[in-house]
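S.K.: Before I ask anything, here is the structure I am working with.
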Amino acid sequence: MPVPRRFDRRPPERDTTRINERIRVPEVRLIDDEGNQVGVLKTPDALTFAQERDLDLVEVAPEARPPVCRVLDYSKYKYEQAQKQKQARKHQQQITVREIKFRPKIAEHDYDTKKHHVERFLRHKDKVKVTIMFRGREVTHPERGIAILDRLAEELAELGVVEQRPIQEGRNMTMMMAPSKAVLSGKADHAEVADEVFTAGEQGDVASTALQSPLDEAAVEAVETPEARAAAAGGDGAKAEPGDGSAESTGADGARADASADAVS
């Protein structure tokens, strides 16, 4: 719930840049709107110089002796600075630290589940703080925690790097993992998608699997060779021959049926 404004005793943010009449020093070093140095002028003369051009007199170096002032459009200058800061924040990569906890006697299924969470965090380009919690006399066997952390780091070596080796702090042992260069560059995600596409075809259907995979065009060429098509055509012709034989056998069966009918009569 936001704090009511009447209870917010923080002073309002104020622009500390001195412009125009707020410049109280007797003289300044003036730079015009084109970036040329005019020289040292009395402050009223410098202000008149800026007003004649419908611009502002802005103090840009108050520590200098005399202070340096520049003639510019201050509102436009503030807008440009805000846009630059916005673009800089847009390109910044914010790293989030996630934490996941293990026990030294963790079961295999629980270990696989938590390892999957660590893998998901690393794929999202987050750092992961892995904590082993010891209880009671478990703290006398730190090698069990080290074994779990080393196993986790080894199994996730393609996705993360160990930024901080296991350190024991009281009853907790912690290790910090950061995303690998492959994850940060996006190569690990592309490799995973390629594997999923290649395994999407039905088992035993080489043609469909090769067509669905952009990585194995040679398999398509092997299936679509002229020899393969000729063999397929020959197979169809061979299949047609039994059809003719079956028709003849059908005729023979009809002749035997007529002969038996004559014998009965």
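Each chain of the structure tokens is named A, B, ... in the order shown, its residues numbered from 1; ligands are numbered from 1 in display order.
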Could you pull the residues within 7 Å of A:Glu163, counting only C-alpha atoms, minus those fewer than 4 positions along the same chain, as a ChimeraX atom specification?
M.R.: /A:176-178
S.K.: For A:Ala153, please output as a list in words all residues within 12 Å (counting only C-alpha atoms; exclusion window: fewer than 5 positions along the same chain).
M.R.: Lys115, Val118, Glu119, Leu122, Val128, Lys129, Val130, Ile146, Ala147, Ile148, Glu158, Leu159, Gly160, Val161, Val162, Glu163, Gln164, Arg165, Pro166, Met175, Met176, Met177, Ala178, Pro179 and Ser180 of chain A
S.K.: Atom CA of A:Gln51 and atom CA of A:Lys78, how far apart in Å?
M.R.: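 Taking atom CA of A:Lys78 and atom CA of A:Gln51, their separation equals 18.7 Å.
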S.K.: When distances are computed from only C-alpha atoms, which of A:Val97, A:Leu47, A:Ile19, A:Leu152 shows the smallest separation from A:Glu59?
M.R.: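 Ranked by minimum distance to A:Glu59, first place goes to A:Ile19.
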S.K.: State, in Å with one decimal place, the distance from atom CA of A:Arg70 to atom CA of A:Arg14.
M.R.: 20.6 Å
S.K.: Nearest to A:Val60: which of A:Thr17, A:Arg89, A:Ile100, A:Pro44 is it, counting only C-alpha atoms?
M.R.: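 The answer is A:Thr17, which sits nearest to A:Val60.
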S.K.: Can you work out which one of A:Asp33, A:Lys114, A:Arg53, A:Leu184 has the shortest atom-to-atom distance to A:Lys101, counting only C-alpha atoms?
M.R.: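 Going through A:Asp33, A:Lys114, A:Arg53, A:Leu184 one by one, the smallest distance to A:Lys101 is for A:Lys114.
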S.K.: Measuring between only C-alpha atoms, which one of A:Val38, A:Asn20, A:Ile31, A:Lys84 shows the shortest distance to A:Asp54?
M.R.: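 For A:Asp54, the nearest of the given residues is A:Asn20.
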S.K.: Using DSSP assignments from the backbone, pull out every residue in stretch 107-168 of chain A that falls under strand (DSSP E) and give it to me as number ranges by chain.
M.R.: A: 127-133, 160-168
S.K.: Could those selected residues go to a file with C-alpha atoms, as a PDB file, in the first residue's frame?
M.R.:
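Okay, this is what ended up in out.pdb:
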```
ATOM      1  CA  LYS A 127      22.784 -16.770 -11.156  1.00  0.00           C
ATOM      2  CA  VAL A 128      22.003 -19.604  -8.753  1.00  0.00           C
ATOM      3  CA  LYS A 129      23.067 -19.855  -5.117  1.00  0.00           C
ATOM      4  CA  VAL A 130      23.028 -23.536  -4.160  1.00  0.00           C
ATOM      5  CA  THR A 131      22.793 -24.150  -0.397  1.00  0.00           C
ATOM      6  CA  ILE A 132      23.310 -27.404   1.485  1.00  0.00           C
ATOM      7  CA  MET A 133      21.514 -27.319   4.857  1.00  0.00           C
ATOM      8  CA  GLY A 160      26.748 -22.989 -15.814  1.00  0.00           C
ATOM      9  CA  VAL A 161      30.166 -22.265 -14.395  1.00  0.00           C
ATOM     10  CA  VAL A 162      31.125 -22.282 -10.731  1.00  0.00           C
ATOM     11  CA  GLU A 163      31.632 -18.672  -9.761  1.00  0.00           C
ATOM     12  CA  GLN A 164      32.276 -19.403  -6.095  1.00  0.00           C
ATOM     13  CA  ARG A 165      33.545 -22.719  -4.783  1.00  0.00           C
ATOM     14  CA  PRO A 166      31.655 -24.421  -1.905  1.00  0.00           C
ATOM     15  CA  ILE A 167      32.074 -22.495   1.350  1.00  0.00           C
ATOM     16  CA  GLN A 168      30.702 -23.609   4.700  1.00  0.00           C
TER      17      GLN A 168
END
```
S.K.: Quick one: distance from atom CA of A:Arg171 to atom CA of A:Arg135 in Å, one decimal?
M.R.: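 A separation of 7.0 Å between them.
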S.K.: Could you give me, as a PDB file with N, CA and C atoms, in the first residue's frame, the residues within 9 Å of A:Pro62, counting only C-alpha atoms and dropping anything in the same chain fewer than 6 positions from it?
M.R.:
```
ATOM      1  N   ARG A  18      22.374  25.018 -12.249  1.00  0.00           N
ATOM      2  CA  ARG A  18      22.039  26.451 -12.207  1.00  0.00           C
ATOM      3  C   ARG A  18      21.959  26.992 -13.627  1.00  0.00           C
ATOM      4  N   VAL A  68      32.273  27.515 -16.055  1.00  0.00           N
ATOM      5  CA  VAL A  68      32.016  27.454 -17.495  1.00  0.00           C
ATOM      6  C   VAL A  68      30.511  27.367 -17.712  1.00  0.00           C
ATOM      7  N   CYS A  69      29.989  28.224 -18.569  1.00  0.00           N
ATOM      8  CA  CYS A  69      28.571  28.238 -18.907  1.00  0.00           C
ATOM      9  C   CYS A  69      28.417  28.072 -20.410  1.00  0.00           C
TER      10      CYS A  69
END
```
S.K.: Out of A:Arg151, A:His109, A:Lys125, A:Arg65, which residue has the shortest atom-to-atom distance to A:Pro26 when counting only C-alpha atoms?
M.R.: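 Looking only at the distances to A:Pro26, the closest residue turns out to be A:Arg65.
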S.K.: Just want the 9 Å neighbourhood of A:Gln94, counted on only C-alpha atoms, with same-chain residues fewer than 2 positions away dropped. Output as a PyMOL selection string.
M.R.: chain A and resi 92+96+126
